[in-house]
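These notes concern the structure reproduced below.
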Amino acid sequence: MIKVMSKNVIVTGGSRGIGEAIVKLLAESGYNVILNYNKSEDLANNIKDELKNEGYNIEIFKADVSKREDCKKLVEYSIKKFGEIDILINNAGISQVKLFTDLTDDDWNNMMQTNLNSVFYMSQEIAHHMIQRKKGSIINISSVWGIVGGACEVHYSASKSAINGLTKALAKELGPSNIRVNAIAPGIIDTDMNKGFTVEEMEELKEEIPLGKIGKPIDIAKCVKWLVEDEFTTGQVISPNGGWIII
């Protein structure tokens with residue numbers, strides 16, 4: 001029997017890594033979840049089947065959130081499916097390691113379109129709905145590189161830093177409508193995004209982290225769940241990173 005509660009959530013880029021962990025934890029906590037994917041249809045269907053078989057309420061929707069029209073369709077589908085949307089998790093994103101002097105216009109534009117514009121499009125589409133209802137929560141998945149910058153990832157760092165600024169400004173603007181906006185800036189997390197590192201490099205990174213370990217996707221998902229359920233935190237950029245970066 002499907003467990004239904006009043007909170008409905010969209011998770012962009014929810015078919016793998018941090019997004020998958022967020023989808024599973026929130027669904028298992030009783031939230032009605034729309035899992036957005038773009039290319040990973042098989043993975044999305046596997047997650048949907050797994051959770052539905054366990055009695056949780058989840059639907060999937062294909063959309064390229066770097067495109068305004070796809071974002072509009074995703075929000076319209078979600079509202080039609082669940083009646084209202086309480087929470088938006090902007091998780092979709094890409095990374096690229098490349099020397100700044102080698103970056104092309106296409107590299108830069110693709111990074112900004114996928115990482116930053118998707119947050120703008122999705123947040124704006126859902127904000128109209130949330131403002132009318134005078135409640136809601138938006139959580140943007142940023143990166144520690146958006147706080148301190150990462151060499152050979154200038155365009156990635158810039159996109160994530162912009163997300164942090166967007167988060168703070170939007171929190172001020174939407175606060176009077178009882179809408180909370182926060183960002184999570186993970187440190188090194190064990191996902192496919194870090195597959196470019198060798199085992200030796202990952203061990204070296206681990207030695208730099210005071211807690212002595214690499215983060216797991218579930219660590220970020222738990223932080224998301226706390227922000228979803230908290231009612232007095234807004235405009236914050238929280239960085240779960242094991243003490244690697246302390247500011």
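By order in the structure tokens, chains are A, B, ...; within a chain, residues start at 1; ligands start at 1, following the order shown.
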Nearby residues (only C-alpha atoms) at most 9 Å from range 71-78 of chain A, same-chain spacing under 6 positions excluded, as a list of chain:residue names: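 So, after excluding close chain neighbours, the residues are A:Asn8, A:Val9, A:Ile10, A:Ile34, A:Asn36, A:Glu59, A:Phe61, A:Lys62, A:Ala63, A:Asp64, A:Val65, A:Glu84, A:Ile85, A:Ser118, A:Tyr121, A:Met122, A:Glu125, A:Ile126.
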Take the residues from that selection and put them in a file with N, CA and C atoms, as a CSV table (one decimal), in the first residue's frame.
```csv
chain,number,residue,atom,x,y,z
A,8,ASN,N,5.1,17.1,-1.0
A,8,ASN,CA,5.5,16.7,-2.4
A,8,ASN,C,6.8,17.3,-2.8
A,9,VAL,N,7.7,16.6,-3.5
A,9,VAL,CA,9.0,17.1,-3.8
A,9,VAL,C,9.4,16.7,-5.2
A,10,ILE,N,10.1,17.7,-5.8
A,10,ILE,CA,10.8,17.4,-7.1
A,10,ILE,C,12.3,17.4,-6.8
A,34,ILE,N,8.8,13.3,-7.2
A,34,ILE,CA,9.0,13.3,-8.6
A,34,ILE,C,10.5,13.2,-8.9
A,36,ASN,N,13.3,13.6,-11.4
A,36,ASN,CA,13.6,14.1,-12.8
A,36,ASN,C,14.9,13.4,-13.3
A,59,GLU,N,7.2,9.0,-8.8
A,59,GLU,CA,7.0,9.1,-10.3
A,59,GLU,C,8.3,9.6,-10.9
A,61,PHE,N,10.1,11.6,-14.4
A,61,PHE,CA,9.8,12.5,-15.5
A,61,PHE,C,11.1,12.9,-16.2
A,62,LYS,N,11.1,12.7,-17.5
A,62,LYS,CA,12.3,13.1,-18.3
A,62,LYS,C,12.2,14.6,-18.7
A,63,ALA,N,13.3,15.3,-18.4
A,63,ALA,CA,13.4,16.7,-18.7
A,63,ALA,C,14.8,17.1,-18.7
A,64,ASP,N,15.2,17.9,-19.7
A,64,ASP,CA,16.5,18.5,-19.7
A,64,ASP,C,16.4,19.9,-19.0
A,65,VAL,N,16.7,20.0,-17.7
A,65,VAL,CA,16.5,21.2,-17.0
A,65,VAL,C,17.4,22.4,-17.3
A,84,GLU,N,0.1,19.9,-5.7
A,84,GLU,CA,0.9,21.0,-5.3
A,84,GLU,C,2.3,20.5,-5.0
A,85,ILE,N,3.2,21.4,-5.1
A,85,ILE,CA,4.6,21.1,-4.8
A,85,ILE,C,5.1,21.9,-3.6
A,118,SER,N,19.7,26.1,-15.0
A,118,SER,CA,18.7,25.1,-14.5
A,118,SER,C,18.1,25.5,-13.2
A,121,TYR,N,15.8,28.5,-13.9
A,121,TYR,CA,14.5,28.1,-14.5
A,121,TYR,C,13.6,27.4,-13.6
A,122,MET,N,14.1,26.4,-12.9
A,122,MET,CA,13.3,25.6,-12.0
A,122,MET,C,12.7,26.4,-10.9
A,125,GLU,N,10.0,28.9,-12.1
A,125,GLU,CA,8.8,28.2,-12.5
A,125,GLU,C,8.0,27.7,-11.2
A,126,ILE,N,8.7,27.3,-10.2
A,126,ILE,CA,8.1,26.8,-9.0
A,126,ILE,C,7.7,27.9,-8.1
```
Backbone DSSP call of helix (DSSP H, G or I) for range 102-244 of chain A, listed as a PyMOL selection string: chain A and resi 102+105-133+145-148+154-177+192-194+199-208+217-229
Proximity to Leu35 in chain A - best of A:Gly165, A:Gly136, A:Gly14, A:Gly93, only C-alpha atoms: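 With only C-alpha atoms as the atom set, the closest residue is A:Gly14.
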Nearest to Gly30 in chain A, chosen from A:Arg133, A:His128, A:Lys7, A:Lys48, with only C-alpha atoms counted in the distances: A:Lys7
Between CA of Ser137 in chain A and CA of Gly242 in chain A - distance in Å to one decimal: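 CA of Gly242 in chain A sits 25.5 Å away from CA of Ser137 in chain A.
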Atom pair CA of Pro176 in chain A / CA of Ile79 in chain A: separation (Å): 22.8 Å
Nearest residue to Leu170 in chain A from the set A:Gln132, A:Asn32, A:Gln236, A:Asn117 (distances using only C-alpha atoms):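 That would be A:Gln236, the residue with the smallest distance to Leu170 in chain A.
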Point-to-point distance in Å for CA of Gly187 in chain A and CA of Gln96 in chain A: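 CA of Gly187 in chain A lies 16.0 Å from CA of Gln96 in chain A.
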A:Ile87, A:Ala21, A:Leu227, A:Val144 ranked by distance to Ser6 in chain A, top pick (using only C-alpha atoms):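 Distance minimum relative to Ser6 in chain A lands on A:Ile87.
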Members of range 69-151 of chain A assigned strand (DSSP E) by DSSP, as an NGL selection string: :A and (87-90 or 136-141)
Residue nearest Phe232 in chain A among A:Gly13, A:Gly175, A:Gly83, A:Gly19 (counting only C-alpha atoms):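 Residue with the minimum atom-to-atom distance to Phe232 in chain A: A:Gly175.
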